[in-house]
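> Below you will find the structure I want to go over with you.
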Amino acid sequence: MNETPAGRPTLETVARAAGASRATVSRVVNGSTTVRPDVAESIRQAIADLGYVPNPAARSLVTQRTDSIALILPESATRVFSDDAFFPGVIRGVGEALEKADKQLVLLLASTQSSHDRILRYVHGRTVDGVVLASMHGADTLPEELRAAGVPVVTSGRPLGEATVPYIDVEHASGVKAAMDHLIGLGRRRIATISGPQDMVAGRERLAGYLAGLEALPGAVPLVEEGDFMRQSGIDAMERLLRRDPGIDAVFAASDLMADGALRTLRRLGRRVPADVAVIGFDDVEAARFTDPPLTTVHQPIHEIGTRLAEQILRLVAGEEEVEASVVLPTRLVVRESA
């Protein structure tokens with residue numbers, strides 16, 4: 001049979017057109033470099049002329065590869081797909097880099113224990129070649145479980161505890177310290193913070209940066225309210241801070257969304273920004289330029305984080321030996337009108 005029932009050319013069709021065996025055509029299709037160059041070129045020309053498209057399932061059986069990478073986010077869909085949140089930028093960076101490498105992105109959300117278990121079964125079924133994990137909370141066992149099962153894994157952010165897999169992270173604490181130095185340089189003395197969740201390294205390190213910056217103010221007392229990186233938690237935390245100390249003259253929020261929430265509370269309560277209270281966020285998401293007033297923030301390279309995650313996992317999948325155990329990207333302060 002020369003063609004499938006749907007009229008699509010098969011390996012046999014290509015073999016006859018190229019004057020080669022079916023086995024030789026299969027080797028070329030699956031990326032083998034053992035075929036003589038002139039024969040391989042004839043086969044590639046026949047593939048182009050006939051419009052042959054390899055059967056993904058059959059190819060996977062030969063190569064033991066799916067050409068797919070999973071991006072696992074242990075968060076709810078509502079949180080992941082917020083228009084102005086951190087995740088869309090990471091997803092875009094990972095997806096664009098994988099597309100350039102002719103790989104497929106598979107997005108998996110694992111916000112509950114049952115979804116965690118389901119994803120573990122899915123990945124164990126060899127449905128993807130590797131896994132990128134982002135936004136881990138607590139001592140998440142998923143990276144180690146996958147690594148122990150022989151699945152290549154890279155994480156976004158250093159995990160709590162010992163890092164057993166490669167990760168991409170940013171300079172959280174030094175970025176926040178720069179924000180604190182800026183506020184102190186503006187003459188602010190009663191500086192509060194809306195921290196991120198303390199079951200995440202990002203939340204802990206950004207709080208550490210605030211505390212380190214506060215050391216430049218002798219006798220200053222930390223004013224800390226914890227949020228979850230989302231806007232509503234910033235609204236609520238700012239209200240609690242003002243009840244604790246109505247004289248607060250600056251606040252560092254550990255995410256731009258929480259900073260935007262703080263701005264809304266301050267505006268509702270009649271506090272002028274930055275005249276009465278200066279506000280600085282962290283992330284530099286697109287929405288930071290459009291808050292009222294535009295937000296001073298610590299920039300982290302969100303798109304580059306995604307790109308570097310994709311590059312790392314592709315190197316691991318390819319079996320490269322020299323893959324960095326950690327990559328830490330710089331942050332920088334972006335000064336706008338809120339501080």
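In the structure tokens, each chain is lettered A, B, ... as it comes, each chain's residues begin at 1, and ligands are numbered from 1 in order of appearance.
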Could you name the residues that touch Ser42 of chain A at 9 Å or less, counting only C-alpha atoms, but leaving out those on the same chain fewer than 3 positions away, as a PyMOL selection string?
chain A and resi 17-20+37-39+45-47
> Just the selected residues (N, CA, C and O atoms), exported as an mmCIF file, in the first residue's frame, please.

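Final output, saved to again_31.cif:
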data_model
loop_
_atom_site.group_PDB
_atom_site.id
_atom_site.type_symbol
_atom_site.label_atom_id
_atom_site.label_comp_id
_atom_site.auth_asym_id
_atom_site.auth_seq_id
_atom_site.Cartn_x
_atom_site.Cartn_y
_atom_site.Cartn_z
ATOM 1 N N ALA A 17 10.125 6.773 -3.748
ATOM 2 C CA ALA A 17 10.483 8.004 -4.450
ATOM 3 C C ALA A 17 11.969 8.315 -4.318
ATOM 4 O O ALA A 17 12.592 8.846 -5.237
ATOM 5 N N ALA A 18 12.547 7.965 -3.173
ATOM 6 C CA ALA A 18 13.955 8.282 -2.922
ATOM 7 C C ALA A 18 14.896 7.167 -3.354
ATOM 8 O O ALA A 18 16.119 7.336 -3.321
ATOM 9 N N GLY A 19 14.334 6.004 -3.725
ATOM 10 C CA GLY A 19 15.168 4.878 -4.097
ATOM 11 C C GLY A 19 15.929 4.322 -2.919
ATOM 12 O O GLY A 19 17.076 3.888 -3.050
ATOM 13 N N ALA A 20 15.298 4.322 -1.736
ATOM 14 C CA ALA A 20 15.943 3.827 -0.522
ATOM 15 C C ALA A 20 15.014 2.835 0.171
ATOM 16 O O ALA A 20 13.856 2.674 -0.206
ATOM 17 N N PRO A 37 25.227 11.041 3.536
ATOM 18 C CA PRO A 37 24.660 12.369 3.282
ATOM 19 C C PRO A 37 23.863 12.488 1.991
ATOM 20 O O PRO A 37 22.788 13.110 1.986
ATOM 21 N N ASP A 38 24.354 11.907 0.877
ATOM 22 C CA ASP A 38 23.622 12.043 -0.382
ATOM 23 C C ASP A 38 22.293 11.294 -0.343
ATOM 24 O O ASP A 38 21.274 11.765 -0.878
ATOM 25 N N VAL A 39 22.269 10.146 0.347
ATOM 26 C CA VAL A 39 21.027 9.390 0.483
ATOM 27 C C VAL A 39 20.053 10.147 1.378
ATOM 28 O O VAL A 39 18.848 10.247 1.069
ATOM 29 N N GLN A 45 14.423 15.348 0.274
ATOM 30 C CA GLN A 45 13.784 15.959 -0.888
ATOM 31 C C GLN A 45 12.476 15.254 -1.220
ATOM 32 O O GLN A 45 11.457 15.891 -1.531
ATOM 33 N N ALA A 46 12.477 13.915 -1.107
ATOM 34 C CA ALA A 46 11.253 13.152 -1.357
ATOM 35 C C ALA A 46 10.179 13.490 -0.327
ATOM 36 O O ALA A 46 8.989 13.606 -0.660
ATOM 37 N N ILE A 47 10.598 13.646 0.934
ATOM 38 C CA ILE A 47 9.653 14.025 1.990
ATOM 39 C C ILE A 47 9.007 15.367 1.671
ATOM 40 O O ILE A 47 7.792 15.544 1.799
#
> Can you tell me, as number ranges by chain, what residues are no more than 6 Å from segment 315-332 of chain A when counting only C-alpha atoms, ignoring any on the same chain fewer than 3 positions away?
A: 166-171, 175, 298-300, 312
> If you keep C-alpha atoms, can you produce a file of those selected residues as a PDB file, in the first residue's frame?

ATOM      1  CA  PRO A 166      18.439  22.552  38.662  1.00  0.00           C
ATOM      2  CA  TYR A 167      16.580  25.846  39.145  1.00  0.00           C
ATOM      3  CA  ILE A 168      16.276  29.365  37.758  1.00  0.00           C
ATOM      4  CA  ASP A 169      15.789  32.183  40.276  1.00  0.00           C
ATOM      5  CA  VAL A 170      16.334  35.928  40.723  1.00  0.00           C
ATOM      6  CA  GLU A 171      18.099  38.148  43.248  1.00  0.00           C
ATOM      7  CA  GLY A 175      16.372  43.839  44.785  1.00  0.00           C
ATOM      8  CA  VAL A 298      11.685  45.933  41.491  1.00  0.00           C
ATOM      9  CA  HIS A 299      11.998  44.515  37.980  1.00  0.00           C
ATOM     10  CA  GLN A 300      12.579  40.802  37.553  1.00  0.00           C
ATOM     11  CA  GLN A 312      17.670  24.198  30.853  1.00  0.00           C
TER      12      GLN A 312
END
> Excluding Gly150 of chain A and residues on its chain fewer than 3 positions from it, collect all residues at most 12 Å away from it, counting only C-alpha atoms, and give them as a JSON list (two decimals) with C-alpha atoms, in the first residue's frame.

[["chain", "number", "residue", "atom", "x", "y", "z"],
["A", 123, "VAL", "CA", 4.17, 12.15, 33.79],
["A", 124, "HIS", "CA", 5.09, 8.64, 34.92],
["A", 125, "GLY", "CA", 3.29, 7.41, 31.80],
["A", 126, "ARG", "CA", 6.13, 8.95, 29.72],
["A", 128, "VAL", "CA", 6.36, 14.16, 28.22],
["A", 129, "ASP", "CA", 10.14, 14.24, 27.93],
["A", 130, "GLY", "CA", 10.71, 16.62, 30.84],
["A", 131, "VAL", "CA", 9.05, 18.87, 33.39],
["A", 143, "PRO", "CA", 10.50, 17.64, 42.02],
["A", 144, "GLU", "CA", 12.21, 14.83, 43.94],
["A", 145, "GLU", "CA", 9.51, 12.29, 43.04],
["A", 146, "LEU", "CA", 9.91, 13.08, 39.35],
["A", 147, "ARG", "CA", 13.71, 13.11, 39.52],
["A", 153, "VAL", "CA", 13.13, 18.41, 36.00],
["A", 165, "VAL", "CA", 17.19, 19.58, 40.73],
["A", 316, "LEU", "CA", 18.66, 17.97, 30.40],
["A", 317, "VAL", "CA", 16.40, 16.08, 28.00],
["A", 319, "GLY", "CA", 21.48, 14.40, 28.04]]
> Taking only segment 95-183 of chain A into account, list the residues labelled strand (DSSP E or B) by DSSP (computed from the backbone), as a list of chain:residue names.
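Filtering segment 95-183 of chain A to strand (DSSP E or B) leaves A:Gln104, A:Leu105, A:Val106, A:Leu107, A:Leu108, A:Leu109, A:Gly130, A:Val131, A:Val132, A:Leu133, A:Ala134, A:Val153, A:Val154, A:Thr155, A:Ser156, A:Tyr167, A:Ile168, A:Asp169, A:Val170.
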> For all heavy atoms, I'd like the residues from the last selection saved as a compact mmCIF listing (two decimals), in the first residue's frame.

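What landed in part.txt:
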# COMPACT_ATOMS: atom_id res chain seq x y z
N GLN A 104 6.60 20.72 21.98
CA GLN A 104 5.25 21.06 22.38
C GLN A 104 5.18 21.37 23.88
O GLN A 104 5.74 20.63 24.69
CB GLN A 104 4.29 19.90 22.07
CG GLN A 104 2.84 20.14 22.45
CD GLN A 104 2.22 21.24 21.64
OE1 GLN A 104 2.44 21.33 20.44
NE2 GLN A 104 1.45 22.10 22.27
N LEU A 105 4.49 22.46 24.25
CA LEU A 105 4.28 22.79 25.65
C LEU A 105 2.97 22.19 26.13
O LEU A 105 1.92 22.36 25.50
CB LEU A 105 4.23 24.31 25.83
CG LEU A 105 3.80 24.83 27.21
CD1 LEU A 105 4.81 24.42 28.26
CD2 LEU A 105 3.64 26.35 27.18
N VAL A 106 3.03 21.48 27.26
CA VAL A 106 1.84 20.93 27.90
C VAL A 106 1.69 21.62 29.25
O VAL A 106 2.56 21.48 30.12
CB VAL A 106 1.95 19.40 28.09
CG1 VAL A 106 0.71 18.85 28.79
CG2 VAL A 106 2.16 18.71 26.74
N LEU A 107 0.62 22.38 29.45
CA LEU A 107 0.41 23.13 30.69
C LEU A 107 -0.47 22.31 31.63
O LEU A 107 -1.56 21.88 31.27
CB LEU A 107 -0.26 24.47 30.38
CG LEU A 107 -0.52 25.38 31.59
CD1 LEU A 107 0.79 25.76 32.27
CD2 LEU A 107 -1.29 26.62 31.16
N LEU A 108 0.03 22.10 32.85
CA LEU A 108 -0.69 21.30 33.84
C LEU A 108 -0.82 22.11 35.13
O LEU A 108 0.16 22.66 35.62
CB LEU A 108 0.05 20.00 34.13
CG LEU A 108 0.34 19.08 32.93
CD1 LEU A 108 1.25 17.93 33.34
CD2 LEU A 108 -0.97 18.53 32.36
N LEU A 109 -2.03 22.17 35.69
CA LEU A 109 -2.27 22.88 36.94
C LEU A 109 -2.48 21.87 38.06
O LEU A 109 -3.22 20.90 37.89
CB LEU A 109 -3.50 23.78 36.82
CG LEU A 109 -3.49 24.79 35.66
CD1 LEU A 109 -4.73 25.67 35.72
CD2 LEU A 109 -2.23 25.64 35.68
N GLY A 130 10.15 15.92 29.69
CA GLY A 130 10.71 16.62 30.84
C GLY A 130 9.67 17.52 31.47
O GLY A 130 8.59 17.73 30.90
N VAL A 131 10.00 18.07 32.63
CA VAL A 131 9.05 18.87 33.39
C VAL A 131 9.70 20.16 33.88
O VAL A 131 10.84 20.14 34.38
CB VAL A 131 8.51 18.07 34.60
CG1 VAL A 131 7.77 18.98 35.58
CG2 VAL A 131 7.61 16.94 34.14
N VAL A 132 8.98 21.26 33.72
CA VAL A 132 9.34 22.53 34.34
C VAL A 132 8.31 22.79 35.44
O VAL A 132 7.11 22.74 35.19
CB VAL A 132 9.31 23.69 33.33
CG1 VAL A 132 9.53 25.02 34.04
CG2 VAL A 132 10.36 23.48 32.25
N LEU A 133 8.78 23.05 36.65
CA LEU A 133 7.91 23.30 37.80
C LEU A 133 8.07 24.76 38.24
O LEU A 133 9.18 25.25 38.38
CB LEU A 133 8.29 22.39 38.96
CG LEU A 133 7.57 21.05 39.07
CD1 LEU A 133 8.31 20.15 40.04
CD2 LEU A 133 6.14 21.25 39.55
N ALA A 134 6.93 25.42 38.48
CA ALA A 134 7.00 26.81 38.94
C ALA A 134 6.04 27.02 40.10
O ALA A 134 5.07 26.28 40.26
CB ALA A 134 6.64 27.76 37.79
N VAL A 153 13.92 17.38 35.33
CA VAL A 153 13.13 18.41 36.00
C VAL A 153 13.96 19.67 36.21
O VAL A 153 15.13 19.60 36.57
CB VAL A 153 12.62 17.93 37.38
CG1 VAL A 153 11.74 19.00 38.03
CG2 VAL A 153 11.85 16.63 37.26
N VAL A 154 13.33 20.82 35.97
CA VAL A 154 13.90 22.13 36.30
C VAL A 154 12.81 22.90 37.04
O VAL A 154 11.63 22.79 36.71
CB VAL A 154 14.32 22.90 35.04
CG1 VAL A 154 14.78 24.32 35.40
CG2 VAL A 154 15.44 22.18 34.31
N THR A 155 13.20 23.69 38.05
CA THR A 155 12.20 24.47 38.78
C THR A 155 12.45 25.96 38.63
O THR A 155 13.58 26.41 38.46
CB THR A 155 12.20 24.13 40.29
OG1 THR A 155 13.44 24.55 40.87
CG2 THR A 155 11.99 22.65 40.52
N SER A 156 11.36 26.72 38.68
CA SER A 156 11.43 28.17 38.73
C SER A 156 11.44 28.57 40.19
O SER A 156 10.46 28.37 40.91
CB SER A 156 10.22 28.79 38.02
OG SER A 156 10.21 30.20 38.21
N TYR A 167 17.63 24.83 39.03
CA TYR A 167 16.58 25.85 39.15
C TYR A 167 17.05 27.18 38.57
O TYR A 167 18.25 27.46 38.47
CB TYR A 167 16.13 26.02 40.60
CG TYR A 167 17.19 26.54 41.55
CD1 TYR A 167 17.42 27.91 41.71
CD2 TYR A 167 17.96 25.66 42.31
CE1 TYR A 167 18.38 28.38 42.58
CE2 TYR A 167 18.92 26.12 43.20
CZ TYR A 167 19.12 27.48 43.33
OH TYR A 167 20.08 27.96 44.19
N ILE A 168 16.05 27.99 38.20
CA ILE A 168 16.28 29.37 37.76
C ILE A 168 15.63 30.27 38.79
O ILE A 168 14.47 30.07 39.16
CB ILE A 168 15.64 29.64 36.38
CG1 ILE A 168 16.05 28.60 35.34
CG2 ILE A 168 15.98 31.06 35.92
CD1 ILE A 168 17.50 28.62 34.96
N ASP A 169 16.35 31.27 39.28
CA ASP A 169 15.79 32.18 40.28
C ASP A 169 16.30 33.59 40.01
O ASP A 169 17.04 33.82 39.04
CB ASP A 169 16.16 31.72 41.69
CG ASP A 169 15.13 32.14 42.73
OD1 ASP A 169 14.30 33.03 42.43
OD2 ASP A 169 15.16 31.61 43.85
N VAL A 170 15.88 34.54 40.85
CA VAL A 170 16.33 35.93 40.72
C VAL A 170 16.88 36.41 42.06
O VAL A 170 16.69 35.77 43.10
CB VAL A 170 15.19 36.86 40.25
CG1 VAL A 170 14.65 36.41 38.91
CG2 VAL A 170 14.07 36.94 41.30
> Would you work out the distance separating atom CA of Met230 of chain A from atom CA of Leu207 of chain A, expressed in Å to one decimal?
16.2 Å
> Of the candidates A:Ala85, A:Ala15, A:Ala275, A:Leu214, which one gets nearest to Ala288 of chain A if we count only C-alpha atoms?
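The shortest atom-to-atom distance to Ala288 of chain A comes from A:Ala85.
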> So which residues of segment 64-130 of chain A fall under helix (DSSP H, G or I) by DSSP, listed as a ChimeraX atom specification?
/A:77-80,87-100,113-124
> Could you check the closest approach to Asp181 of chain A for each of A:Leu314, A:Ala250, A:Val25, A:Val201 and tell me which residue wins, using only C-alpha atoms?
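With only C-alpha atoms as the atom set, the closest residue is A:Ala250.
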